[in-house]
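Participant: Structure below; questions to follow.
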Amino acid sequence: MISILFTSGSTGKPKGACLTHSNLVEHFIAADHEQIMISSDTILQRTPVTLDMHAQDIFGGLWLGACIILIRPGDDRNIAYIINTLQRHQISYIFTVPTIYALILEQTNGAHQLSTLRVLYSGGMIENI
């Protein structure tokens, strides 16, 4: 076991879920096979480490040899900072919740200003741009 991740799920009550080495490796193999995340990606890691998706962003990126850009502490919801970081570092992969995704698109007038963004993974759905 690597860690126990806590989630409220649909009940609203925290419960722990075990994250094992083999499950995590299988997840990375699947993500690599489907080219969700690839070695040439530059990943913007904005998911707090208290949430399960941080494992894919950090460990998956490192496992594949991708470049990981860590968001400045406290700016994970600062849309102007996120957009600036996406553009400045030519981010090709980001996981975010749909509300942040919508604000990014709204403030950039659509995806054309984010030409390096290859995958925006948003709360369980994947959209290739």
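Labels for the structure tokens follow display order: chains A, B, ..., residues from 1 in each chain, ligands from 1.
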Leaving out region 21-36 of chain A and any residue of its chain fewer than 2 positions from it, which residues lie within 10 Å of it when counting only C-alpha atoms, given as a PDB file with N, CA and C atoms, in the first residue's frame?
Facilitator:
```pdb
ATOM      1  N   MET A   1       0.841  -1.167   0.000  1.00  0.00           N
ATOM      2  CA  MET A   1       0.000   0.000   0.000  1.00  0.00           C
ATOM      3  C   MET A   1       0.897   1.245   0.000  1.00  0.00           C
ATOM      4  N   ILE A   2       0.496   2.221  -0.816  1.00  0.00           N
ATOM      5  CA  ILE A   2       1.224   3.486  -0.876  1.00  0.00           C
ATOM      6  C   ILE A   2       0.657   4.448   0.155  1.00  0.00           C
ATOM      7  N   SER A   3      -0.665   4.590   0.140  1.00  0.00           N
ATOM      8  CA  SER A   3      -1.300   5.527   1.058  1.00  0.00           C
ATOM      9  C   SER A   3      -2.786   5.220   1.157  1.00  0.00           C
ATOM     10  N   CYS A  18      -7.685   2.505   0.023  1.00  0.00           N
ATOM     11  CA  CYS A  18      -6.272   2.125  -0.066  1.00  0.00           C
ATOM     12  C   CYS A  18      -5.770   2.286  -1.495  1.00  0.00           C
ATOM     13  N   LEU A  19      -4.628   2.919  -1.630  1.00  0.00           N
ATOM     14  CA  LEU A  19      -3.967   3.050  -2.921  1.00  0.00           C
ATOM     15  C   LEU A  19      -2.753   2.129  -2.883  1.00  0.00           C
ATOM     16  N   ILE A  38       1.746  11.710 -21.726  1.00  0.00           N
ATOM     17  CA  ILE A  38       2.888  11.148 -22.442  1.00  0.00           C
ATOM     18  C   ILE A  38       4.185  11.815 -21.975  1.00  0.00           C
ATOM     19  N   SER A  39       5.305  11.195 -22.317  1.00  0.00           N
ATOM     20  CA  SER A  39       6.600  11.669 -21.819  1.00  0.00           C
ATOM     21  C   SER A  39       6.942  13.086 -22.263  1.00  0.00           C
ATOM     22  N   ASP A  41       4.893  15.565 -22.424  1.00  0.00           N
ATOM     23  CA  ASP A  41       3.979  16.539 -21.816  1.00  0.00           C
ATOM     24  C   ASP A  41       4.680  17.448 -20.811  1.00  0.00           C
ATOM     25  N   ALA A  55      -1.884  12.111  -7.451  1.00  0.00           N
ATOM     26  CA  ALA A  55      -1.008  10.957  -7.707  1.00  0.00           C
ATOM     27  C   ALA A  55      -0.755  10.805  -9.204  1.00  0.00           C
ATOM     28  N   GLN A  56      -1.795  10.975 -10.018  1.00  0.00           N
ATOM     29  CA  GLN A  56      -1.602  10.875 -11.470  1.00  0.00           C
ATOM     30  C   GLN A  56      -0.726  12.016 -11.964  1.00  0.00           C
ATOM     31  N   PHE A  59       3.096  11.542  -9.704  1.00  0.00           N
ATOM     32  CA  PHE A  59       3.768  10.262  -9.883  1.00  0.00           C
ATOM     33  C   PHE A  59       3.668   9.759 -11.322  1.00  0.00           C
ATOM     34  N   GLY A  60       2.519   9.963 -11.949  1.00  0.00           N
ATOM     35  CA  GLY A  60       2.369   9.550 -13.341  1.00  0.00           C
ATOM     36  C   GLY A  60       3.291  10.328 -14.252  1.00  0.00           C
ATOM     37  N   GLY A  61       3.349  11.628 -14.035  1.00  0.00           N
ATOM     38  CA  GLY A  61       4.256  12.458 -14.834  1.00  0.00           C
ATOM     39  C   GLY A  61       5.709  12.067 -14.656  1.00  0.00           C
ATOM     40  N   TRP A  63       6.822   9.141 -13.628  1.00  0.00           N
ATOM     41  CA  TRP A  63       6.987   7.783 -14.147  1.00  0.00           C
ATOM     42  C   TRP A  63       7.220   7.804 -15.654  1.00  0.00           C
ATOM     43  N   LEU A  64       6.514   8.709 -16.349  1.00  0.00           N
ATOM     44  CA  LEU A  64       6.648   8.800 -17.801  1.00  0.00           C
ATOM     45  C   LEU A  64       7.821   9.661 -18.249  1.00  0.00           C
ATOM     46  N   TYR A  93      -0.818  19.427 -20.545  1.00  0.00           N
ATOM     47  CA  TYR A  93      -1.738  18.569 -19.788  1.00  0.00           C
ATOM     48  C   TYR A  93      -2.088  19.247 -18.480  1.00  0.00           C
ATOM     49  N   ARG A 118      -2.777  19.944 -24.866  1.00  0.00           N
ATOM     50  CA  ARG A 118      -3.136  18.733 -25.599  1.00  0.00           C
ATOM     51  C   ARG A 118      -4.288  18.003 -24.930  1.00  0.00           C
ATOM     52  N   VAL A 119      -4.251  17.923 -23.602  1.00  0.00           N
ATOM     53  CA  VAL A 119      -5.290  17.228 -22.846  1.00  0.00           C
ATOM     54  C   VAL A 119      -5.695  18.069 -21.652  1.00  0.00           C
ATOM     55  N   LEU A 120      -6.993  18.271 -21.526  1.00  0.00           N
ATOM     56  CA  LEU A 120      -7.559  18.873 -20.336  1.00  0.00           C
ATOM     57  C   LEU A 120      -8.439  17.793 -19.714  1.00  0.00           C
ATOM     58  N   TYR A 121      -7.961  17.256 -18.604  1.00  0.00           N
ATOM     59  CA  TYR A 121      -8.641  16.168 -17.925  1.00  0.00           C
ATOM     60  C   TYR A 121      -9.499  16.824 -16.857  1.00  0.00           C
ATOM     61  N   ILE A 126     -12.337  13.268 -20.307  1.00  0.00           N
ATOM     62  CA  ILE A 126     -11.124  13.704 -21.000  1.00  0.00           C
ATOM     63  C   ILE A 126     -11.549  14.387 -22.286  1.00  0.00           C
ATOM     64  N   GLU A 127     -10.978  15.585 -22.496  1.00  0.00           N
ATOM     65  CA  GLU A 127     -11.254  16.297 -23.736  1.00  0.00           C
ATOM     66  C   GLU A 127      -9.937  16.602 -24.409  1.00  0.00           C
ATOM     67  N   ASN A 128      -9.729  16.051 -25.596  1.00  0.00           N
ATOM     68  CA  ASN A 128      -8.543  16.394 -26.377  1.00  0.00           C
ATOM     69  C   ASN A 128      -8.807  17.694 -27.100  1.00  0.00           C
TER      70      ASN A 128
END
```
Participant: Taking the chain letters and numbering used in this document, name the residues of chain A that DSSP puts in strand (DSSP E), as a ChimeraX atom specification.
Facilitator: /A:3-7,15-19,42-45,67-70,93-96,119-122,125-128
Participant: Could you write out the selected residues, including N, CA, C and O atoms, as a compact mmCIF listing (two decimals), in the first residue's frame?
Facilitator:
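Final file, selection17.txt:
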```
# COMPACT_ATOMS: atom_id res chain seq x y z
N SER A 3 -0.67 4.59 0.14
CA SER A 3 -1.30 5.53 1.06
C SER A 3 -2.79 5.22 1.16
O SER A 3 -3.31 4.37 0.44
N ILE A 4 -3.44 5.94 2.05
CA ILE A 4 -4.89 5.89 2.16
C ILE A 4 -5.39 7.27 1.76
O ILE A 4 -4.98 8.28 2.32
N LEU A 5 -6.25 7.30 0.76
CA LEU A 5 -6.85 8.55 0.29
C LEU A 5 -8.24 8.66 0.90
O LEU A 5 -8.99 7.69 0.90
N PHE A 6 -8.55 9.82 1.39
CA PHE A 6 -9.86 10.02 1.99
C PHE A 6 -10.76 10.78 1.03
O PHE A 6 -10.34 11.75 0.41
N THR A 7 -11.97 10.31 0.91
CA THR A 7 -12.95 10.90 0.02
C THR A 7 -14.31 10.87 0.69
O THR A 7 -14.59 9.99 1.50
N LYS A 15 -14.32 8.63 4.03
CA LYS A 15 -13.95 7.23 4.13
C LYS A 15 -12.62 7.05 3.42
O LYS A 15 -12.29 7.77 2.49
N GLY A 16 -11.85 6.08 3.90
CA GLY A 16 -10.53 5.84 3.34
C GLY A 16 -10.55 4.79 2.26
O GLY A 16 -11.27 3.80 2.35
N ALA A 17 -9.75 5.01 1.24
CA ALA A 17 -9.56 4.03 0.16
C ALA A 17 -8.06 3.77 0.04
O ALA A 17 -7.27 4.71 -0.03
N CYS A 18 -7.68 2.50 0.02
CA CYS A 18 -6.27 2.13 -0.07
C CYS A 18 -5.77 2.29 -1.49
O CYS A 18 -6.41 1.84 -2.44
N LEU A 19 -4.63 2.92 -1.63
CA LEU A 19 -3.97 3.05 -2.92
C LEU A 19 -2.75 2.13 -2.88
O LEU A 19 -1.84 2.32 -2.08
N THR A 42 4.14 18.65 -20.71
CA THR A 42 4.45 19.55 -19.61
C THR A 42 3.15 19.66 -18.83
O THR A 42 2.14 20.13 -19.35
N ILE A 43 3.19 19.19 -17.59
CA ILE A 43 1.99 19.03 -16.77
C ILE A 43 1.90 20.17 -15.76
O ILE A 43 2.87 20.44 -15.04
N LEU A 44 0.75 20.82 -15.70
CA LEU A 44 0.51 21.79 -14.64
C LEU A 44 -0.15 21.07 -13.49
O LEU A 44 -1.28 20.60 -13.60
N GLN A 45 0.56 20.93 -12.39
CA GLN A 45 0.06 20.21 -11.24
C GLN A 45 -0.62 21.21 -10.31
O GLN A 45 0.03 21.94 -9.58
N CYS A 67 7.60 16.69 -17.84
CA CYS A 67 7.96 17.87 -17.05
C CYS A 67 6.75 18.26 -16.22
O CYS A 67 5.63 18.32 -16.73
N ILE A 68 6.97 18.54 -14.94
CA ILE A 68 5.86 18.92 -14.06
C ILE A 68 6.10 20.33 -13.53
O ILE A 68 7.16 20.62 -12.96
N ILE A 69 5.12 21.18 -13.74
CA ILE A 69 5.15 22.55 -13.22
C ILE A 69 4.22 22.60 -12.02
O ILE A 69 3.02 22.32 -12.15
N LEU A 70 4.75 22.95 -10.86
CA LEU A 70 3.92 23.05 -9.65
C LEU A 70 3.33 24.45 -9.57
O LEU A 70 4.03 25.44 -9.78
N TYR A 93 -0.82 19.43 -20.54
CA TYR A 93 -1.74 18.57 -19.79
C TYR A 93 -2.09 19.25 -18.48
O TYR A 93 -1.21 19.75 -17.77
N ILE A 94 -3.39 19.25 -18.16
CA ILE A 94 -3.84 19.77 -16.88
C ILE A 94 -5.09 18.99 -16.45
O ILE A 94 -5.92 18.64 -17.28
N PHE A 95 -5.17 18.71 -15.17
CA PHE A 95 -6.41 18.17 -14.59
C PHE A 95 -7.03 19.31 -13.80
O PHE A 95 -6.36 19.97 -13.00
N THR A 96 -8.32 19.53 -14.02
CA THR A 96 -9.02 20.56 -13.27
C THR A 96 -10.50 20.22 -13.20
O THR A 96 -10.99 19.38 -13.94
N VAL A 119 -4.25 17.92 -23.60
CA VAL A 119 -5.29 17.23 -22.85
C VAL A 119 -5.69 18.07 -21.65
O VAL A 119 -4.85 18.53 -20.89
N LEU A 120 -6.99 18.27 -21.53
CA LEU A 120 -7.56 18.87 -20.34
C LEU A 120 -8.44 17.79 -19.71
O LEU A 120 -9.45 17.44 -20.27
N TYR A 121 -7.96 17.26 -18.60
CA TYR A 121 -8.64 16.17 -17.93
C TYR A 121 -9.50 16.82 -16.86
O TYR A 121 -8.99 17.47 -15.96
N SER A 122 -10.81 16.68 -16.98
CA SER A 122 -11.70 17.43 -16.12
C SER A 122 -12.70 16.54 -15.41
O SER A 122 -13.65 16.06 -16.00
N MET A 125 -13.79 13.27 -17.07
CA MET A 125 -13.94 13.21 -18.52
C MET A 125 -12.66 13.77 -19.15
O MET A 125 -11.99 14.61 -18.58
N ILE A 126 -12.34 13.27 -20.31
CA ILE A 126 -11.12 13.70 -21.00
C ILE A 126 -11.55 14.39 -22.29
O ILE A 126 -12.35 13.88 -23.04
N GLU A 127 -10.98 15.59 -22.50
CA GLU A 127 -11.25 16.30 -23.74
C GLU A 127 -9.94 16.60 -24.41
O GLU A 127 -9.10 17.30 -23.86
N ASN A 128 -9.73 16.05 -25.60
CA ASN A 128 -8.54 16.39 -26.38
C ASN A 128 -8.81 17.69 -27.10
O ASN A 128 -9.86 17.88 -27.70
```
Participant: Report the distance between CA of Tyr81 (chain A) and CA of Ile104 (chain A) in Å, rounded to one decimal place.
Facilitator: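 CA of Tyr81 (chain A) sits 10.3 Å away from CA of Ile104 (chain A).
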Participant: With DSSP run on the backbone, what are the helix (DSSP H, G or I) residues within chain A? I'd like them as a PyMOL selection string.
Facilitator: chain A and resi 21-33+53-64+79-88+98-107+111-113
Participant: Could you turn the residues from that selection into a file that holds N, CA and C atoms, as a CSV table (one decimal), in the first residue's frame?
Facilitator:
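Full text of result.csv as output:
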```csv
chain,number,residue,atom,x,y,z
A,21,HIS,N,0.5,0.0,-4.8
A,21,HIS,CA,1.5,0.1,-5.8
A,21,HIS,C,1.0,-0.4,-7.1
A,22,SER,N,0.5,-1.6,-7.1
A,22,SER,CA,0.1,-2.3,-8.3
A,22,SER,C,-1.1,-1.5,-9.0
A,23,ASN,N,-2.0,-1.0,-8.2
A,23,ASN,CA,-3.1,-0.3,-8.8
A,23,ASN,C,-2.6,1.0,-9.5
A,24,LEU,N,-1.7,1.7,-8.8
A,24,LEU,CA,-1.2,2.9,-9.3
A,24,LEU,C,-0.4,2.7,-10.6
A,25,VAL,N,0.5,1.6,-10.6
A,25,VAL,CA,1.2,1.3,-11.8
A,25,VAL,C,0.3,0.9,-13.0
A,26,GLU,N,-0.7,0.1,-12.7
A,26,GLU,CA,-1.7,-0.2,-13.8
A,26,GLU,C,-2.4,1.0,-14.3
A,27,HIS,N,-2.7,2.0,-13.5
A,27,HIS,CA,-3.3,3.2,-13.9
A,27,HIS,C,-2.3,4.0,-14.8
A,28,PHE,N,-1.1,4.1,-14.5
A,28,PHE,CA,-0.1,4.8,-15.3
A,28,PHE,C,0.1,4.1,-16.7
A,29,ILE,N,0.1,2.7,-16.6
A,29,ILE,CA,0.2,2.0,-17.9
A,29,ILE,C,-0.9,2.3,-18.8
A,30,ALA,N,-2.1,2.3,-18.2
A,30,ALA,CA,-3.4,2.6,-19.0
A,30,ALA,C,-3.3,4.0,-19.6
A,31,ALA,N,-2.9,5.0,-18.7
A,31,ALA,CA,-2.8,6.4,-19.2
A,31,ALA,C,-1.8,6.5,-20.3
A,32,ASP,N,-0.7,5.8,-20.2
A,32,ASP,CA,0.3,5.8,-21.2
A,32,ASP,C,-0.2,5.2,-22.5
A,33,HIS,N,-0.8,4.0,-22.4
A,33,HIS,CA,-1.4,3.3,-23.6
A,33,HIS,C,-2.4,4.2,-24.3
A,53,MET,N,-6.3,12.8,-7.4
A,53,MET,CA,-5.7,13.0,-8.7
A,53,MET,C,-4.3,13.6,-8.7
A,54,HIS,N,-3.8,14.0,-7.5
A,54,HIS,CA,-2.5,14.5,-7.4
A,54,HIS,C,-1.5,13.3,-7.8
A,55,ALA,N,-1.9,12.1,-7.5
A,55,ALA,CA,-1.0,11.0,-7.7
A,55,ALA,C,-0.8,10.8,-9.2
A,56,GLN,N,-1.8,11.0,-10.0
A,56,GLN,CA,-1.6,10.9,-11.5
A,56,GLN,C,-0.7,12.0,-12.0
A,57,ASP,N,-1.0,13.2,-11.5
A,57,ASP,CA,-0.3,14.4,-12.0
A,57,ASP,C,1.2,14.3,-11.6
A,58,ILE,N,1.5,14.0,-10.4
A,58,ILE,CA,2.9,14.0,-9.9
A,58,ILE,C,3.6,12.7,-10.3
A,59,PHE,N,3.1,11.5,-9.7
A,59,PHE,CA,3.8,10.3,-9.9
A,59,PHE,C,3.7,9.8,-11.3
A,60,GLY,N,2.5,10.0,-11.9
A,60,GLY,CA,2.4,9.6,-13.3
A,60,GLY,C,3.3,10.3,-14.3
A,61,GLY,N,3.3,11.6,-14.0
A,61,GLY,CA,4.3,12.5,-14.8
A,61,GLY,C,5.7,12.1,-14.7
A,62,LEU,N,6.1,11.8,-13.4
A,62,LEU,CA,7.5,11.4,-13.1
A,62,LEU,C,7.8,10.1,-13.7
A,63,TRP,N,6.8,9.1,-13.6
A,63,TRP,CA,7.0,7.8,-14.1
A,63,TRP,C,7.2,7.8,-15.7
A,64,LEU,N,6.5,8.7,-16.3
A,64,LEU,CA,6.6,8.8,-17.8
A,64,LEU,C,7.8,9.7,-18.2
A,79,ILE,N,-7.5,32.3,-11.6
A,79,ILE,CA,-7.6,32.0,-13.1
A,79,ILE,C,-6.5,32.8,-13.9
A,80,ALA,N,-6.3,34.0,-13.6
A,80,ALA,CA,-5.3,34.8,-14.4
A,80,ALA,C,-3.9,34.2,-14.2
A,81,TYR,N,-3.6,33.7,-13.0
A,81,TYR,CA,-2.3,33.1,-12.8
A,81,TYR,C,-2.2,31.7,-13.5
A,82,ILE,N,-3.3,31.0,-13.5
A,82,ILE,CA,-3.3,29.7,-14.1
A,82,ILE,C,-3.1,29.9,-15.7
A,83,ILE,N,-3.9,30.8,-16.2
A,83,ILE,CA,-3.8,31.1,-17.7
A,83,ILE,C,-2.3,31.5,-18.0
A,84,ASN,N,-1.8,32.4,-17.2
A,84,ASN,CA,-0.4,32.9,-17.5
A,84,ASN,C,0.6,31.7,-17.4
A,85,THR,N,0.4,30.9,-16.4
A,85,THR,CA,1.3,29.7,-16.3
A,85,THR,C,1.1,28.7,-17.4
A,86,LEU,N,-0.1,28.5,-17.9
A,86,LEU,CA,-0.4,27.6,-19.0
A,86,LEU,C,0.4,28.1,-20.3
A,87,GLN,N,0.3,29.4,-20.5
A,87,GLN,CA,0.9,30.0,-21.7
A,87,GLN,C,2.5,30.1,-21.5
A,88,ARG,N,2.9,30.6,-20.3
A,88,ARG,CA,4.4,30.8,-20.1
A,88,ARG,C,5.1,29.5,-20.2
A,98,PRO,N,-14.6,21.1,-13.6
A,98,PRO,CA,-15.3,21.8,-14.7
A,98,PRO,C,-15.4,23.3,-14.5
A,99,THR,N,-15.6,23.7,-13.3
A,99,THR,CA,-15.8,25.2,-13.1
A,99,THR,C,-14.5,26.0,-13.4
A,100,ILE,N,-13.4,25.4,-13.1
A,100,ILE,CA,-12.1,26.1,-13.4
A,100,ILE,C,-11.9,26.0,-15.0
A,101,TYR,N,-12.2,24.9,-15.5
A,101,TYR,CA,-12.1,24.7,-17.0
A,101,TYR,C,-12.9,25.7,-17.7
A,102,ALA,N,-14.2,25.9,-17.3
A,102,ALA,CA,-15.1,26.9,-17.9
A,102,ALA,C,-14.5,28.3,-17.8
A,103,LEU,N,-14.0,28.7,-16.6
A,103,LEU,CA,-13.4,30.0,-16.4
A,103,LEU,C,-12.2,30.2,-17.3
A,104,ILE,N,-11.3,29.2,-17.4
A,104,ILE,CA,-10.2,29.3,-18.3
A,104,ILE,C,-10.6,29.6,-19.7
A,105,LEU,N,-11.6,28.8,-20.2
A,105,LEU,CA,-12.0,29.0,-21.6
A,105,LEU,C,-12.7,30.4,-21.8
A,106,GLU,N,-13.5,30.8,-20.8
A,106,GLU,CA,-14.1,32.1,-20.8
A,106,GLU,C,-13.1,33.2,-20.9
A,107,GLN,N,-12.1,33.2,-20.1
A,107,GLN,CA,-11.1,34.3,-20.0
A,107,GLN,C,-10.1,34.2,-21.1
A,111,ALA,N,-10.2,27.9,-26.7
A,111,ALA,CA,-9.0,27.2,-26.7
A,111,ALA,C,-7.9,27.7,-27.6
A,112,HIS,N,-8.2,28.6,-28.5
A,112,HIS,CA,-7.2,29.0,-29.5
A,112,HIS,C,-6.0,29.7,-28.9
A,113,GLN,N,-6.2,30.3,-27.7
A,113,GLN,CA,-5.0,30.9,-27.0
A,113,GLN,C,-4.2,29.9,-26.2
```
Participant: Mind giving me the straight-line distance from CA of Asp52 (chain A) to CA of Thr108 (chain A) in Å, one decimal?
Facilitator: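 Taking CA of Asp52 (chain A) and CA of Thr108 (chain A), their separation equals 28.0 Å.
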Participant: Provide the CA of Pro14 (chain A) to CA of Gly123 (chain A) distance in Å, to one decimal place.
Facilitator: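 Distance between the two atoms: 18.8 Å.
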